[in-house]
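What follows is a single structure, written as structure tokens, with notes after it.
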Amino acid sequence: MAEPPLLYNLNNGLSDLMTRMKAGIPGAHTGLVVLLVLLVAGFSLFIPNFASVGTLQSFMYQLPLLGLLSLAMMAPLITGGLNLAIIATTNQCALLTAFIMQSLITPDSSAGSAAAVIVLALVAGLALCLLIGLVTGTLIAYTGVHPILITLGTKSLIDGISIYLTRGMALSGIPDGFARIGTMTIVGVPLIFLLLIVVAVIVSIILRRTAFGVACAMIGSNIEAARYSAIDTRRVLVGVYVMSSLICFFAALVMLATFNSASADYAQSYLLVTILAAVLGGVDPFGGFGTAGGLMLALAILQVISSGFNQFGLSNYLTVAIWGGTLIFVAMAQTARPYLMGLLPSRFDGSK
Amino acid sequence: MHEDSQMAAGSSFLVQLRRRPEAWLLAVIAVVVIVFSLTARDFLTLANIIDLLETYSVQAIMAMGLFVVLVSGGIDISFAATASVAQYCAALLATQLGFSAPVVILCGLAIGVALGCLNALLVHYVRITSIIATIAMMSVSFSLLMYFSGGKSIYTLPDWWTNRIVFWRMETASGDIVRVTLPIVAMAVVTLFTWAWMTRSSVGRQLYAMGGNAEAARRVGMNIGRLQFVAYGYLGLMAAIAGLLQAHRVGESVPNAMYNTELAVLSAAVLGGASLTGGIGTVPGVLLGIVLLAVLQNGLNLLGVSSYFFQIVIGVTILVSTSITVISSRPGRRHRIIAGAPSNG
């Protein structure tokens, strides 16, 4: 594209910039950006040390688990489905990985064999997630039962197996080398946060730039129309749930690295929060729309609210209530926007 | 064509029966009951059955409310939180302010209805998808309850609330005392009322119509907004009744006692054939869904199977029975559509 002249119609340039900005800000969530900036500004006014490196770092330690789980929830949501089994999958994967590491690494095993066991444990965890994703996806694609129901069943089944095998106990004994990853930083940025960023970017590229991603969005918009457009909807659906489960594998890694243990009932309360985060980030629960960028923005908002109110000394329960309130507020703003736009002078109408 | 259908009337009844999810569910329950009655000695006794009914009455009442919302085309995850809030507020009114029984019960039910109507408000006027609106409402109301109650249970409920109300009692030959208590009667009344209301009243039929196709229902002249308030308000009422009864059964009010029951109730309702897309479902079906889960849990307990194992069984049951239901009813549906419109090819 040719560079426009320096003082070429200012108005044109501005609207051009706006469209490019909107393309750059995933999902054009200017409202969410404004909300985030307002929250950060508000908290920094009232809490002396809010806008500090320390806050930012704790922020980056707390975000990855919820972030990865939300990404795992987002992929099925875009196809108009839901995966209620993500937490169960993550926990079981973490349990299996921890179990292999715990039982095969003895104090006198050499560094080389310990590394080999860690690799073996990771491969086993990955294979487990792949298997769970394949089974879930196949059931959803080939029976046509609503995903809420299928994943409710798989969640119950997976949780049941985990609880049955562990008797509800937590598994610890993660090798030091692995546990150290949880606190490792690169130029001050926690490694687990980088993992979240990498996974988010990959998911974003898959969803926005590949035929598979477009097919997902089309299935979410109208599955019949997608099928008549010669999309193998069943294969895509299986792919989506496999992808969701594979993201759970990374969530399991983060969980192991931060908690240094695994259990069947870690992070269970995150299940509905991941849906909140995805919807707050603009993922349409009816399917068809949603970007990883919008989701990350929503997660940042939730985390800022949580750490801000924590520093005020408010309880965790109140934070969850405020999260729910935020979602209702954003949804109300979205509903009210057409009416508010109608009240504005008509010259704004052009720049939709 | 006409003669054909008359000749086939006998077999088509069977075919139709085969298509009903309830029939499949009944068959599954029958198999499970036979297996348990052969293996667990105490399973098929009157005492055990009555005990089972009482244990699951709270869930059954909530399932009846949820069923109405599901039929109307919505979904609600917040009813367990609503039940807890209504129960705890009523308990506070009774213990702290010493209100009399009718006032406390009325206030509890009113809180339930109000929370249900708040859901309807969000779904209808703010136009948030029902699952999202109710998840948000659940986190708001439950978290506020935990915040303000501090997680503290109320043990000093008044006597009129916790005293066991027995409608009928008898002693079996083996010496067990069988009591039909308030929760069982309440469950029976609620079930019968919901069934009659949904099948015999104009509002009930309108709810089915709205669940089938809301836009069509609106164009026929139904007041969609009012129906939403009726459906969610009814669920709120049922949740409040269930909450009050739960405190009656256990004799105390624990703020998070009913937390996490929502998915169990939802799976029971959907097991019984209530469609998540609305317009489909029957009261007997939902009741059978509850019965299946109850029988499974009770039978496995009596067999001495570890309770850790129970969740696996629930998961497998949900997966198998829903898959069977859908697969068995799918070709039938297609056949009906083709047969119904032969001229259009």
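So you can find residues: chains in the structure tokens are A, B, ... in the order shown, residues in each start at 1, and ligands are numbered from 1 in order.
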Counting only C-alpha atoms, what is within 12 Å of Leu104 of chain A, bar same-chain residues fewer than 2 positions away, as a tab-separated table (two decimals) with C-alpha atoms, in the first residue's frame?
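Generated file (result_39.tsv):
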chain	number	residue	atom	x	y	z
A	97	THR	CA	2.69	-36.47	35.09
A	98	ALA	CA	3.35	-36.10	38.81
A	99	PHE	CA	2.81	-39.80	39.40
A	100	ILE	CA	5.34	-40.81	36.74
A	101	MET	CA	7.90	-38.32	38.01
A	102	GLN	CA	7.35	-39.32	41.62
A	106	THR	CA	14.70	-41.94	42.93
A	107	PRO	CA	17.10	-39.78	44.95
A	108	ASP	CA	20.10	-41.63	43.52
A	109	SER	CA	19.08	-41.47	39.85
A	110	SER	CA	21.42	-39.39	37.73
A	113	SER	CA	17.85	-40.33	33.73
A	114	ALA	CA	15.81	-37.80	35.71
A	115	ALA	CA	15.54	-35.65	32.61
A	116	ALA	CA	14.52	-38.69	30.58
A	117	VAL	CA	11.78	-39.47	33.10
A	118	ILE	CA	10.53	-35.89	32.98
A	119	VAL	CA	10.32	-36.11	29.20
A	120	LEU	CA	8.52	-39.44	29.48
A	121	ALA	CA	6.07	-37.94	32.00
A	173	GLY	CA	7.26	-35.00	44.98
A	174	ILE	CA	7.84	-32.98	41.83
A	175	PRO	CA	11.57	-33.00	40.98
Interface residues on chain B facing chain A, 6 Å, only C-alpha atoms, written as a PDB file with C-alpha atoms, in the first residue's frame:
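The result, stored in part.pdb:
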ATOM      1  CA  VAL B 126     -30.527  -6.880  29.014  1.00  0.00           C
ATOM      2  CA  ALA B 136     -22.851 -14.361  36.538  1.00  0.00           C
ATOM      3  CA  SER B 139     -21.195 -16.024  41.251  1.00  0.00           C
ATOM      4  CA  VAL B 140     -22.634 -12.720  42.481  1.00  0.00           C
ATOM      5  CA  SER B 143     -20.121 -14.948  46.723  1.00  0.00           C
ATOM      6  CA  TYR B 147     -18.949 -12.806  52.185  1.00  0.00           C
ATOM      7  CA  TYR B 308     -15.102 -42.525  45.103  1.00  0.00           C
ATOM      8  CA  PHE B 309     -16.276 -44.839  42.375  1.00  0.00           C
ATOM      9  CA  GLN B 311     -18.697 -40.278  40.089  1.00  0.00           C
ATOM     10  CA  ILE B 312     -17.279 -42.588  37.429  1.00  0.00           C
ATOM     11  CA  GLY B 315     -20.238 -39.988  34.110  1.00  0.00           C
ATOM     12  CA  ILE B 318     -24.756 -39.666  31.394  1.00  0.00           C
ATOM     13  CA  LEU B 319     -22.628 -40.468  28.347  1.00  0.00           C
ATOM     14  CA  SER B 323     -26.021 -41.150  23.393  1.00  0.00           C
TER      15      SER B 323
END
Could you please write out, as a VMD selection string, every residue of segment 78-282 of chain A that DSSP assigns to strand (DSSP E or B)?
chain A and resid 171 185 to 186 189 to 190 262
With N, CA, C and O atoms retained, export the selected residues as a compact mmCIF listing (two decimals), in the first residue's frame.
# COMPACT_ATOMS: atom_id res chain seq x y z
N LEU A 171 -0.87 -35.38 45.16
CA LEU A 171 0.42 -36.01 44.87
C LEU A 171 1.48 -34.93 44.87
O LEU A 171 1.35 -33.94 44.17
N THR A 185 12.51 -16.74 35.84
CA THR A 185 12.12 -15.57 35.07
C THR A 185 13.13 -15.33 33.95
O THR A 185 14.29 -15.71 34.06
N ILE A 186 12.66 -14.71 32.88
CA ILE A 186 13.54 -14.28 31.80
C ILE A 186 13.37 -12.78 31.68
O ILE A 186 12.27 -12.29 31.41
N VAL A 189 10.49 -11.47 33.46
CA VAL A 189 9.16 -11.99 33.11
C VAL A 189 9.12 -13.48 33.46
O VAL A 189 9.97 -14.24 33.01
N PRO A 190 8.14 -13.90 34.28
CA PRO A 190 8.06 -15.32 34.64
C PRO A 190 7.92 -16.20 33.41
O PRO A 190 7.22 -15.84 32.46
N ALA A 262 -0.10 -32.12 42.63
CA ALA A 262 -1.27 -32.30 41.79
C ALA A 262 -2.36 -32.96 42.61
O ALA A 262 -2.09 -33.75 43.49
Test item, helix (DSSP H, G or I) assignment across segment 50-276 of chain A, answer as a ChimeraX atom specification
/A:53-78,86-104,111-143,147-166,176-181,191-209,211-221,223-228,233-259,270-276
Please report the interatomic distance between atom CA of Asn301 of chain B and atom CA of Val58 of chain B in Å with one decimal.
19.5 Å
Using only C-alpha atoms, which protein or nucleic acid residues come within 12 Å of Ser100 of chain B? Drop anything in the same chain fewer than 2 positions from it, and give the result as a list in words.
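Once the adjacent positions are removed, what remains is Ala90, Ala91, Leu93, Ala94, Thr95, Gln96, Leu97, Gly98, Pro102, Val103, Val104, Ile105, Leu106, Cys107, Leu157, Pro158, Asp159, Trp160 and Trp161 of chain B.
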Could you write out that same residue set with C-alpha atoms as a compact mmCIF listing (two decimals), in the first residue's frame?
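To be explicit, this is the file written out as result.txt:
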# COMPACT_ATOMS: atom_id res chain seq x y z
CA ALA B 90 -34.91 -17.05 56.14
CA ALA B 91 -32.73 -18.61 58.84
CA LEU B 93 -34.95 -13.76 59.99
CA ALA B 94 -36.04 -16.66 62.18
CA THR B 95 -33.08 -16.66 64.56
CA GLN B 96 -31.97 -13.03 64.74
CA LEU B 97 -35.30 -11.22 64.45
CA GLY B 98 -37.50 -14.00 65.80
CA PRO B 102 -45.50 -17.88 58.10
CA VAL B 103 -43.51 -14.64 57.79
CA VAL B 104 -40.19 -16.46 57.56
CA ILE B 105 -41.46 -18.91 54.94
CA LEU B 106 -43.06 -16.16 52.91
CA CYS B 107 -39.90 -14.04 53.02
CA LEU B 157 -33.10 -22.91 63.87
CA PRO B 158 -36.49 -22.68 65.63
CA ASP B 159 -38.33 -25.88 66.47
CA TRP B 160 -41.19 -25.36 64.05
CA TRP B 161 -38.61 -25.49 61.24
Neighbour list for Ala298 of chain A as number ranges by chain, cut-off 8 Å, only C-alpha atoms, skip fewer than 4 positions in-chain
A: 32, 277-278, 280-281, 294, 302
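If you count only C-alpha atoms and ignore residues fewer than 4 places along the chain from Ser153 of chain B, what sits within 9 Å of it is B:Tyr88, B:Ser149, B:Glu252, B:Ser253, B:Val254, B:Pro255, B:Asn256.
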